[in-house]
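Written out below as structure tokens is the structure these notes cover.
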Amino acid sequence: MNVANPEGYTTPDGRRIGGVLMEMKNITLRFGGVNAITNISFDIRDGEIRAIIGPNGAGKSSMLNVISGFYVPQEGEVWFKGYKRGPMKPYQVARLGIARTFQNIALFDGMSVLDNIMTGRLTMMKSGLLGQAIWWGGAQREETENREKVEKIIDFLEIQNIRKTPVGRLPYGLKKRVELARALAAEPKLLLLDEPMAGMNVEEKEDMSRFILDVNDEFGTTIALIEHDMGVVMDLSDRVVVMDYGKKIGDGTPDEVRNNQDVIDAYLGVSHD
Amino acid sequence: MFYREAGDFKTSYVEDSQTFPIRFDRWRYYAVVILAVAVVPFFINDYWANAVFVPFLIYAIAAIGLNILTGYCGQVSLGTGGFMAVGAYACYKLMTAFPDVSILIHVLLAGGITAGVGVLFGLPSLRIKGFYLAVATLAAQFFLVWLFNKVPWFYNYSASGQISAPERSVLGVAVTGASATASAKYLFCLAILFVLAWLARNLTRGTVGRKWMAIRDMDIAAEIIGVNPLTTKLSAFAVSSFFVGVAGALFFSVYLGAVEVGEAFGIQKSFLILFMIIIGGLGSIFGSFAGAAFLVLLPVLLKNVLVGQLGWATDLAAHVELMIVGALIVVFLIAEPHGMAQLWRLAKEKLRLWPFPH
């Protein structure tokens, strides 16, 4: 298995990974005088599960925010689907086919689960203000078509019974799942997951891991995730980027990263003598 | 017992997303519509029309408008009175400039003009939120009232500075001016309210409504799923101002007939309509109706009971009314921020299981 092959590679479990989908080139992000990210480059291949790990404050979430357009890096280039991406607002990035979830759940508490997931399809719904106001023909047909797609995702994530419940009333684990559903409803090319398993018990983690693998397998969605649970990361991901203090200290398959001396030092500490 | 969803199966998504999914609710809705259209007009007299029905219908339109902006899109506005004034003056200018055109067209155009003004004053919402936006809309309120007082062109250079509605008709029936009958005024307002409420319901249940609510609940997350905050907020301002402008036009032309801007569309009007949606229920069309009905009926009721039955002085009764409304606002904000609409919803949930709650 040659993961450096530009044409793609085949994983040990037989999944075919394609060429480069997204490439970060020499990204540097500063807040005032603080360098959150220093000169980091890595790529994400079509169809792979790519993990970004690192100790607290390493700049992982900042990296995700750069990809999703919240932060504009001072230096460096973001390439997506073979094109260089100019400075974009987050809603424009969403229309490119990049969806994400948040570390602390960012759902719309006042709306039902169904409405929350339907918001994921907003970018595909084209009917105008007047058409919607009259609710006849196009607008209603569009609503029904998108509802069908959303119902498939509801089935997929096994949340049929809470369809009409207001999101504010749900427990934490289910909220995480609804947030994943909302991101999936957009049928993204690239799905960004910011700590999808934070604060979950073992059973919920297993469920979530299964969903992530299924999403990758059935929809062919490329996934980039940040996670602290090393067991999960090493099991799920095809390749791992390791960050520490805003710098990249390792990049490769889980096995390579595990045996990388810099990574071991960053996680276990190193004596300064 | 009759209020059940069990056995009322939905076999398509269209059926599932209808406004009244429970059969009993649907029948009740039809009954109310029939009552309003086919029964009330035959019994209505001038007192009931002017004291209760016409103001209720007009305030309901304004409350739906403000609810779209504040309740659904989360942008607090204290400029409702000013926007109603825009509707009223636009309607007046149109009525006097084109006397042959139907008043219905004028009212709708007045709404359109108000929508434009609303978008203009909605622009600051892209930068500022919450209290600060409320203050910015407050500036709109005072500026607009000042403008209509200051520039004589708006009131056609009349000596009194007032505007008064000439007689205009729809389909040959006078709805404004001295000779308009109570039932004509009532039916005209009812028809407009009916159509606008239906449009509002459609907007709030579809994509546009979800965008508004997404911005209201969490604007960062809304942006990440592809909602453009600029167009979404401005569309809420436009639609809301359209409703408020239509309400202002009707308030002037059909209800009052003659208007002095500071008196009819002052800051107290903005607060009155804001109180309507707080008591009625933020983010609910039904709540807009409930709040408007409550705040229109309460003074009439108190006046009849306190002055008519108990013989209190009129000013004392008016002060008691202010105290009651104030207390209710506080109680609702603390105990039930979603207003009467939420109480209604809870009652329905209980009723659904009654009398066997398990």
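Convention: chains lettered A, B, ... in structure tokens order; per-chain residue numbering from 1; ligands numbered from 1 as shown.
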Near chain A, which residues of chain B fall within 8 Å when you count only C-alpha atoms, and what do they look like as a ChimeraX atom specification? /B:13-14,199-203,206-208,210-211,213-214,217-218,221,223-228
Using only C-alpha atoms, which residues sit within 12 Å of Asp16 of chain B once same-chain residues fewer than 3 positions away are excluded, as a list in words?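 Here the qualifying residues turn out to be Leu114, Glu143, Thr144, Arg147, Arg163 and Lys164 of chain A; Glu5, Asp8, Phe9, Lys10, Thr11, Ser12, Tyr13, Thr19, Phe20, Pro21 and Ile22 of chain B.
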Running DSSP on the backbone, which parts of segment 4-250 of chain A land in helix (DSSP H, G or I), as an mmCIF file with N, CA and C atoms, in the first residue's frame?
```cif
data_model
loop_
_atom_site.group_PDB
_atom_site.id
_atom_site.type_symbol
_atom_site.label_atom_id
_atom_site.label_comp_id
_atom_site.auth_asym_id
_atom_site.auth_seq_id
_atom_site.Cartn_x
_atom_site.Cartn_y
_atom_site.Cartn_z
ATOM 1 N N LYS A 60 -6.126 22.133 16.035
ATOM 2 C CA LYS A 60 -6.945 21.248 15.196
ATOM 3 C C LYS A 60 -8.239 21.913 14.777
ATOM 4 N N SER A 61 -8.942 22.483 15.779
ATOM 5 C CA SER A 61 -10.225 23.116 15.449
ATOM 6 C C SER A 61 -10.012 24.323 14.548
ATOM 7 N N SER A 62 -8.902 25.046 14.766
ATOM 8 C CA SER A 62 -8.604 26.178 13.879
ATOM 9 C C SER A 62 -8.458 25.691 12.449
ATOM 10 N N MET A 63 -7.821 24.522 12.296
ATOM 11 C CA MET A 63 -7.636 23.957 10.970
ATOM 12 C C MET A 63 -8.983 23.669 10.317
ATOM 13 N N LEU A 64 -9.888 23.073 11.113
ATOM 14 C CA LEU A 64 -11.214 22.775 10.589
ATOM 15 C C LEU A 64 -11.945 24.066 10.212
ATOM 16 N N ASN A 65 -11.739 25.089 11.038
ATOM 17 C CA ASN A 65 -12.384 26.377 10.746
ATOM 18 C C ASN A 65 -11.820 27.022 9.489
ATOM 19 N N VAL A 66 -10.569 26.779 9.208
ATOM 20 C CA VAL A 66 -9.989 27.274 7.947
ATOM 21 C C VAL A 66 -10.652 26.552 6.773
ATOM 22 N N ILE A 67 -10.795 25.221 6.912
ATOM 23 C CA ILE A 67 -11.397 24.461 5.813
ATOM 24 C C ILE A 67 -12.831 24.913 5.580
ATOM 25 N N PRO A 90 -18.517 31.302 5.011
ATOM 26 C CA PRO A 90 -18.905 29.927 5.317
ATOM 27 C C PRO A 90 -20.077 29.421 4.485
ATOM 28 N N TYR A 91 -21.087 30.296 4.205
ATOM 29 C CA TYR A 91 -22.237 29.792 3.448
ATOM 30 C C TYR A 91 -21.869 29.474 2.008
ATOM 31 N N GLN A 92 -20.810 30.141 1.493
ATOM 32 C CA GLN A 92 -20.365 29.804 0.141
ATOM 33 C C GLN A 92 -19.613 28.475 0.143
ATOM 34 N N VAL A 93 -18.831 28.249 1.200
ATOM 35 C CA VAL A 93 -18.125 26.975 1.329
ATOM 36 C C VAL A 93 -19.130 25.834 1.390
ATOM 37 N N ALA A 94 -20.236 26.060 2.129
ATOM 38 C CA ALA A 94 -21.255 25.020 2.247
ATOM 39 C C ALA A 94 -21.783 24.640 0.874
ATOM 40 N N ARG A 95 -21.922 25.630 -0.015
ATOM 41 C CA ARG A 95 -22.478 25.347 -1.335
ATOM 42 C C ARG A 95 -21.503 24.580 -2.228
ATOM 43 N N LEU A 96 -20.213 24.579 -1.848
ATOM 44 C CA LEU A 96 -19.242 23.774 -2.592
ATOM 45 C C LEU A 96 -19.391 22.291 -2.290
ATOM 46 N N VAL A 113 -36.685 17.978 15.111
ATOM 47 C CA VAL A 113 -35.595 17.214 14.505
ATOM 48 C C VAL A 113 -35.716 17.231 12.986
ATOM 49 N N LEU A 114 -36.953 17.012 12.518
ATOM 50 C CA LEU A 114 -37.179 16.984 11.073
ATOM 51 C C LEU A 114 -36.793 18.321 10.433
ATOM 52 N N ASP A 115 -37.248 19.420 11.040
ATOM 53 C CA ASP A 115 -36.927 20.746 10.476
ATOM 54 C C ASP A 115 -35.422 20.995 10.499
ATOM 55 N N ASN A 116 -34.778 20.572 11.594
ATOM 56 C CA ASN A 116 -33.327 20.741 11.670
ATOM 57 C C ASN A 116 -32.625 20.034 10.523
ATOM 58 N N ILE A 117 -33.061 18.800 10.249
ATOM 59 C CA ILE A 117 -32.390 18.054 9.181
ATOM 60 C C ILE A 117 -32.750 18.655 7.830
ATOM 61 N N MET A 118 -33.983 19.128 7.713
ATOM 62 C CA MET A 118 -34.386 19.766 6.449
ATOM 63 C C MET A 118 -33.524 21.003 6.162
ATOM 64 N N THR A 119 -33.082 21.699 7.210
ATOM 65 C CA THR A 119 -32.236 22.870 6.954
ATOM 66 C C THR A 119 -30.953 22.459 6.233
ATOM 67 N N LEU A 122 -31.099 23.120 2.525
ATOM 68 C CA LEU A 122 -31.444 24.467 2.061
ATOM 69 C C LEU A 122 -30.734 24.834 0.769
ATOM 70 N N THR A 123 -29.469 24.393 0.642
ATOM 71 C CA THR A 123 -28.728 24.812 -0.535
ATOM 72 C C THR A 123 -29.284 24.179 -1.812
ATOM 73 N N MET A 124 -30.045 23.063 -1.669
ATOM 74 C CA MET A 124 -30.612 22.436 -2.865
ATOM 75 C C MET A 124 -32.002 22.965 -3.189
ATOM 76 N N LEU A 129 -39.350 33.239 -2.905
ATOM 77 C CA LEU A 129 -40.201 33.709 -1.815
ATOM 78 C C LEU A 129 -41.676 33.647 -2.197
ATOM 79 N N LEU A 130 -41.994 34.104 -3.416
ATOM 80 C CA LEU A 130 -43.401 34.143 -3.813
ATOM 81 C C LEU A 130 -43.972 32.747 -3.991
ATOM 82 N N GLY A 131 -43.182 31.869 -4.631
ATOM 83 C CA GLY A 131 -43.632 30.500 -4.828
ATOM 84 C C GLY A 131 -43.929 29.825 -3.503
ATOM 85 N N GLN A 132 -43.058 30.075 -2.519
ATOM 86 C CA GLN A 132 -43.254 29.483 -1.200
ATOM 87 C C GLN A 132 -44.483 30.041 -0.520
ATOM 88 N N ALA A 133 -44.699 31.363 -0.709
ATOM 89 C CA ALA A 133 -45.831 31.999 -0.033
ATOM 90 C C ALA A 133 -47.130 31.386 -0.525
ATOM 91 N N ILE A 134 -47.189 31.063 -1.823
ATOM 92 C CA ILE A 134 -48.425 30.505 -2.366
ATOM 93 C C ILE A 134 -48.486 29.001 -2.132
ATOM 94 N N GLY A 138 -44.497 24.079 -7.581
ATOM 95 C CA GLY A 138 -43.061 23.913 -7.393
ATOM 96 C C GLY A 138 -42.616 23.809 -5.957
ATOM 97 N N ALA A 139 -43.038 24.761 -5.133
ATOM 98 C CA ALA A 139 -42.547 24.802 -3.762
ATOM 99 C C ALA A 139 -42.940 23.542 -3.003
ATOM 100 N N GLN A 140 -44.200 23.118 -3.187
ATOM 101 C CA GLN A 140 -44.658 21.953 -2.452
ATOM 102 C C GLN A 140 -43.991 20.673 -2.954
ATOM 103 N N ARG A 141 -43.807 20.602 -4.279
ATOM 104 C CA ARG A 141 -43.158 19.417 -4.848
ATOM 105 C C ARG A 141 -41.725 19.318 -4.345
ATOM 106 N N GLU A 142 -41.055 20.475 -4.336
ATOM 107 C CA GLU A 142 -39.672 20.510 -3.869
ATOM 108 C C GLU A 142 -39.579 20.064 -2.415
ATOM 109 N N GLU A 143 -40.515 20.554 -1.620
ATOM 110 C CA GLU A 143 -40.546 20.183 -0.203
ATOM 111 C C GLU A 143 -40.678 18.665 -0.056
ATOM 112 N N THR A 144 -41.591 18.081 -0.848
ATOM 113 C CA THR A 144 -41.823 16.645 -0.738
ATOM 114 C C THR A 144 -40.601 15.845 -1.183
ATOM 115 N N GLU A 145 -39.992 16.266 -2.290
ATOM 116 C CA GLU A 145 -38.803 15.548 -2.778
ATOM 117 C C GLU A 145 -37.691 15.573 -1.727
ATOM 118 N N ASN A 146 -37.470 16.741 -1.164
ATOM 119 C CA ASN A 146 -36.401 16.843 -0.181
ATOM 120 C C ASN A 146 -36.746 16.106 1.107
ATOM 121 N N ARG A 147 -38.046 16.098 1.432
ATOM 122 C CA ARG A 147 -38.474 15.346 2.599
ATOM 123 C C ARG A 147 -38.139 13.866 2.418
ATOM 124 N N GLU A 148 -38.319 13.349 1.202
ATOM 125 C CA GLU A 148 -38.010 11.941 0.963
ATOM 126 C C GLU A 148 -36.535 11.649 1.210
ATOM 127 N N LYS A 149 -35.673 12.549 0.717
ATOM 128 C CA LYS A 149 -34.237 12.374 0.937
ATOM 129 C C LYS A 149 -33.908 12.404 2.431
ATOM 130 N N VAL A 150 -34.541 13.343 3.123
ATOM 131 C CA VAL A 150 -34.288 13.479 4.556
ATOM 132 C C VAL A 150 -34.758 12.246 5.311
ATOM 133 N N GLU A 151 -35.909 11.702 4.878
ATOM 134 C CA GLU A 151 -36.417 10.508 5.549
ATOM 135 C C GLU A 151 -35.438 9.338 5.401
ATOM 136 N N LYS A 152 -34.744 9.267 4.268
ATOM 137 C CA LYS A 152 -33.749 8.203 4.088
ATOM 138 C C LYS A 152 -32.644 8.342 5.127
ATOM 139 N N ILE A 153 -32.226 9.573 5.352
ATOM 140 C CA ILE A 153 -31.157 9.797 6.329
ATOM 141 C C ILE A 153 -31.663 9.507 7.743
ATOM 142 N N ILE A 154 -32.924 9.867 7.989
ATOM 143 C CA ILE A 154 -33.511 9.567 9.302
ATOM 144 C C ILE A 154 -33.513 8.054 9.531
ATOM 145 N N ASP A 155 -33.888 7.293 8.498
ATOM 146 C CA ASP A 155 -33.844 5.832 8.594
ATOM 147 C C ASP A 155 -32.427 5.348 8.835
ATOM 148 N N PHE A 156 -31.499 5.898 8.067
ATOM 149 C CA PHE A 156 -30.107 5.487 8.116
ATOM 150 C C PHE A 156 -29.530 5.653 9.524
ATOM 151 N N GLN A 160 -36.051 7.628 13.674
ATOM 152 C CA GLN A 160 -37.436 7.819 13.213
ATOM 153 C C GLN A 160 -38.352 8.272 14.340
ATOM 154 N N ASN A 161 -38.138 7.719 15.538
ATOM 155 C CA ASN A 161 -39.115 7.960 16.606
ATOM 156 C C ASN A 161 -39.057 9.374 17.175
ATOM 157 N N ILE A 162 -37.979 10.112 16.906
ATOM 158 C CA ILE A 162 -37.892 11.457 17.472
ATOM 159 C C ILE A 162 -38.092 12.526 16.403
ATOM 160 N N VAL A 167 -35.682 19.771 19.215
ATOM 161 C CA VAL A 167 -34.312 19.347 19.492
ATOM 162 C C VAL A 167 -33.885 19.660 20.922
ATOM 163 N N GLY A 168 -34.404 20.756 21.471
ATOM 164 C CA GLY A 168 -34.036 21.144 22.829
ATOM 165 C C GLY A 168 -34.314 20.069 23.862
ATOM 166 N N ARG A 169 -35.270 19.171 23.584
ATOM 167 C CA ARG A 169 -35.645 18.166 24.577
ATOM 168 C C ARG A 169 -34.802 16.896 24.499
ATOM 169 N N TYR A 172 -27.991 14.324 24.998
ATOM 170 C CA TYR A 172 -26.769 14.720 24.304
ATOM 171 C C TYR A 172 -26.408 13.815 23.119
ATOM 172 N N GLY A 173 -26.418 12.520 23.359
ATOM 173 C CA GLY A 173 -25.989 11.586 22.316
ATOM 174 C C GLY A 173 -26.851 11.690 21.065
ATOM 175 N N LEU A 174 -28.170 11.839 21.286
ATOM 176 C CA LEU A 174 -29.072 11.953 20.138
ATOM 177 C C LEU A 174 -28.861 13.263 19.403
ATOM 178 N N LYS A 175 -28.571 14.332 20.177
ATOM 179 C CA LYS A 175 -28.322 15.620 19.520
ATOM 180 C C LYS A 175 -27.144 15.498 18.565
ATOM 181 N N LYS A 176 -26.095 14.808 19.019
ATOM 182 C CA LYS A 176 -24.921 14.614 18.160
ATOM 183 C C LYS A 176 -25.334 13.906 16.877
ATOM 184 N N ARG A 177 -26.238 12.934 17.030
ATOM 185 C CA ARG A 177 -26.650 12.159 15.868
ATOM 186 C C ARG A 177 -27.491 13.020 14.920
ATOM 187 N N VAL A 178 -28.345 13.878 15.496
ATOM 188 C CA VAL A 178 -29.149 14.768 14.666
ATOM 189 C C VAL A 178 -28.239 15.749 13.916
ATOM 190 N N GLU A 179 -27.200 16.194 14.596
ATOM 191 C CA GLU A 179 -26.293 17.127 13.934
ATOM 192 C C GLU A 179 -25.596 16.447 12.756
ATOM 193 N N LEU A 180 -25.231 15.172 12.962
ATOM 194 C CA LEU A 180 -24.637 14.412 11.857
ATOM 195 C C LEU A 180 -25.647 14.280 10.714
ATOM 196 N N ALA A 181 -26.900 14.028 11.092
ATOM 197 C CA ALA A 181 -27.948 13.894 10.071
ATOM 198 C C ALA A 181 -28.088 15.187 9.264
ATOM 199 N N ARG A 182 -28.043 16.325 9.959
ATOM 200 C CA ARG A 182 -28.180 17.602 9.256
ATOM 201 C C ARG A 182 -27.030 17.802 8.267
ATOM 202 N N ALA A 183 -25.807 17.431 8.708
ATOM 203 C CA ALA A 183 -24.664 17.570 7.809
ATOM 204 C C ALA A 183 -24.803 16.626 6.618
ATOM 205 N N LEU A 184 -25.299 15.396 6.880
ATOM 206 C CA LEU A 184 -25.441 14.415 5.794
ATOM 207 C C LEU A 184 -26.517 14.820 4.805
ATOM 208 N N ALA A 185 -27.560 15.504 5.298
ATOM 209 C CA ALA A 185 -28.669 15.884 4.424
ATOM 210 C C ALA A 185 -28.178 16.754 3.277
ATOM 211 N N VAL A 202 -19.196 4.334 26.090
ATOM 212 C CA VAL A 202 -18.617 3.375 25.137
ATOM 213 C C VAL A 202 -19.637 2.949 24.088
ATOM 214 N N GLU A 203 -20.863 2.705 24.544
ATOM 215 C CA GLU A 203 -21.877 2.218 23.621
ATOM 216 C C GLU A 203 -22.196 3.275 22.553
ATOM 217 N N GLU A 204 -22.335 4.514 23.009
ATOM 218 C CA GLU A 204 -22.641 5.593 22.061
ATOM 219 C C GLU A 204 -21.482 5.791 21.082
ATOM 220 N N LYS A 205 -20.247 5.629 21.607
ATOM 221 C CA LYS A 205 -19.084 5.758 20.726
ATOM 222 C C LYS A 205 -19.099 4.685 19.649
ATOM 223 N N GLU A 206 -19.467 3.468 20.059
ATOM 224 C CA GLU A 206 -19.521 2.380 19.079
ATOM 225 C C GLU A 206 -20.553 2.677 18.004
ATOM 226 N N ASP A 207 -21.736 3.175 18.450
ATOM 227 C CA ASP A 207 -22.774 3.540 17.483
ATOM 228 C C ASP A 207 -22.246 4.574 16.501
ATOM 229 N N MET A 208 -21.633 5.626 17.064
ATOM 230 C CA MET A 208 -21.178 6.726 16.227
ATOM 231 C C MET A 208 -20.105 6.245 15.252
ATOM 232 N N SER A 209 -19.193 5.399 15.740
ATOM 233 C CA SER A 209 -18.147 4.867 14.855
ATOM 234 C C SER A 209 -18.773 4.101 13.691
ATOM 235 N N ARG A 210 -19.784 3.305 14.023
ATOM 236 C CA ARG A 210 -20.453 2.522 12.991
ATOM 237 C C ARG A 210 -21.080 3.451 11.950
ATOM 238 N N PHE A 211 -21.738 4.530 12.441
ATOM 239 C CA PHE A 211 -22.361 5.465 11.497
ATOM 240 C C PHE A 211 -21.313 6.115 10.594
ATOM 241 N N ILE A 212 -20.176 6.485 11.195
ATOM 242 C CA ILE A 212 -19.144 7.150 10.390
ATOM 243 C C ILE A 212 -18.635 6.212 9.297
ATOM 244 N N LEU A 213 -18.384 4.963 9.669
ATOM 245 C CA LEU A 213 -17.919 3.994 8.672
ATOM 246 C C LEU A 213 -18.977 3.753 7.604
ATOM 247 N N ASP A 214 -20.250 3.661 8.045
ATOM 248 C CA ASP A 214 -21.332 3.425 7.084
ATOM 249 C C ASP A 214 -21.485 4.588 6.112
ATOM 250 N N VAL A 215 -21.381 5.802 6.638
ATOM 251 C CA VAL A 215 -21.498 6.982 5.781
ATOM 252 C C VAL A 215 -20.424 6.944 4.710
ATOM 253 N N ASN A 216 -19.191 6.650 5.141
ATOM 254 C CA ASN A 216 -18.074 6.592 4.217
ATOM 255 C C ASN A 216 -18.281 5.484 3.189
ATOM 256 N N ASP A 217 -18.802 4.374 3.652
ATOM 257 C CA ASP A 217 -18.945 3.211 2.806
ATOM 258 C C ASP A 217 -20.119 3.364 1.827
ATOM 259 N N GLU A 218 -21.295 3.764 2.339
ATOM 260 C CA GLU A 218 -22.504 3.761 1.509
ATOM 261 C C GLU A 218 -22.613 4.987 0.624
ATOM 262 N N PHE A 219 -22.281 6.165 1.179
ATOM 263 C CA PHE A 219 -22.426 7.385 0.387
ATOM 264 C C PHE A 219 -21.121 7.776 -0.295
ATOM 265 N N MET A 230 -7.943 7.878 21.146
ATOM 266 C CA MET A 230 -6.937 7.308 20.238
ATOM 267 C C MET A 230 -7.381 5.976 19.660
ATOM 268 N N GLY A 231 -8.041 5.155 20.485
ATOM 269 C CA GLY A 231 -8.501 3.856 20.005
ATOM 270 C C GLY A 231 -9.396 4.030 18.797
ATOM 271 N N VAL A 232 -10.338 4.969 18.920
ATOM 272 C CA VAL A 232 -11.280 5.225 17.831
ATOM 273 C C VAL A 232 -10.543 5.720 16.594
ATOM 274 N N VAL A 233 -9.645 6.683 16.803
ATOM 275 C CA VAL A 233 -8.933 7.272 15.660
ATOM 276 C C VAL A 233 -8.147 6.212 14.910
ATOM 277 N N MET A 234 -7.416 5.400 15.639
ATOM 278 C CA MET A 234 -6.559 4.412 14.990
ATOM 279 C C MET A 234 -7.387 3.359 14.259
ATOM 280 N N ASP A 235 -8.586 3.045 14.817
ATOM 281 C CA ASP A 235 -9.432 2.050 14.164
ATOM 282 C C ASP A 235 -10.118 2.598 12.920
ATOM 283 N N LEU A 236 -10.585 3.849 13.007
ATOM 284 C CA LEU A 236 -11.430 4.379 11.934
ATOM 285 C C LEU A 236 -10.645 4.886 10.746
#
```
Hey, can you check how far atom CA of Ile17 of chain A sits from atom CA of Ala224 of chain A?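 Interatomic distance, atom CA of Ile17 of chain A to atom CA of Ala224 of chain A: 13.9 Å.
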If you count only C-alpha atoms, which residues fall within 10 Å of Ser284 of chain B, apart from same-chain ones fewer than 2 positions away, as a ChimeraX atom specification? /B:64,67-68,71-72,201,204,277,280-282,286-290,338-342
Write out as a list in words which residues come within 12 Å of Leu268 of chain A when counting only C-alpha atoms, dropping same-chain ones fewer than 5 positions away.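 Counting only C-alpha atoms, the residues come to Gly54, Pro55, Arg258, Gln261, Asp262 and Val263 of chain A.
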What parts of segment 75-324 of chain B does DSSP call strand (DSSP E)? I'd like the answer as a PyMOL selection string. chain B and resi 163-164+169-170+173-174+258-259
So, with only C-alpha atoms as the atoms that count, which of A:Asn35, A:Leu29, A:Met200, A:Asp46 lies closest to Glu7 of chain A? A:Asp46
May I ask for the distance between atom CA of Leu104 of chain B and atom CA of Ser270 of chain B, given in Å to one decimal place?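 Computing it gives 24.6 Å between the two atoms.
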Grab the atom CA of Thr80 of chain B to atom CA of Pro124 of chain B distance for me, in Å with one decimal place. 16.0 Å
Taking only C-alpha atoms into account, name the residue in B:Met84, B:Glu336, B:Lys150, B:Gln75 that is nearest to Val135 of chain B.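 Nearest candidate to Val135 of chain B out of B:Met84, B:Glu336, B:Lys150, B:Gln75: B:Gln75.
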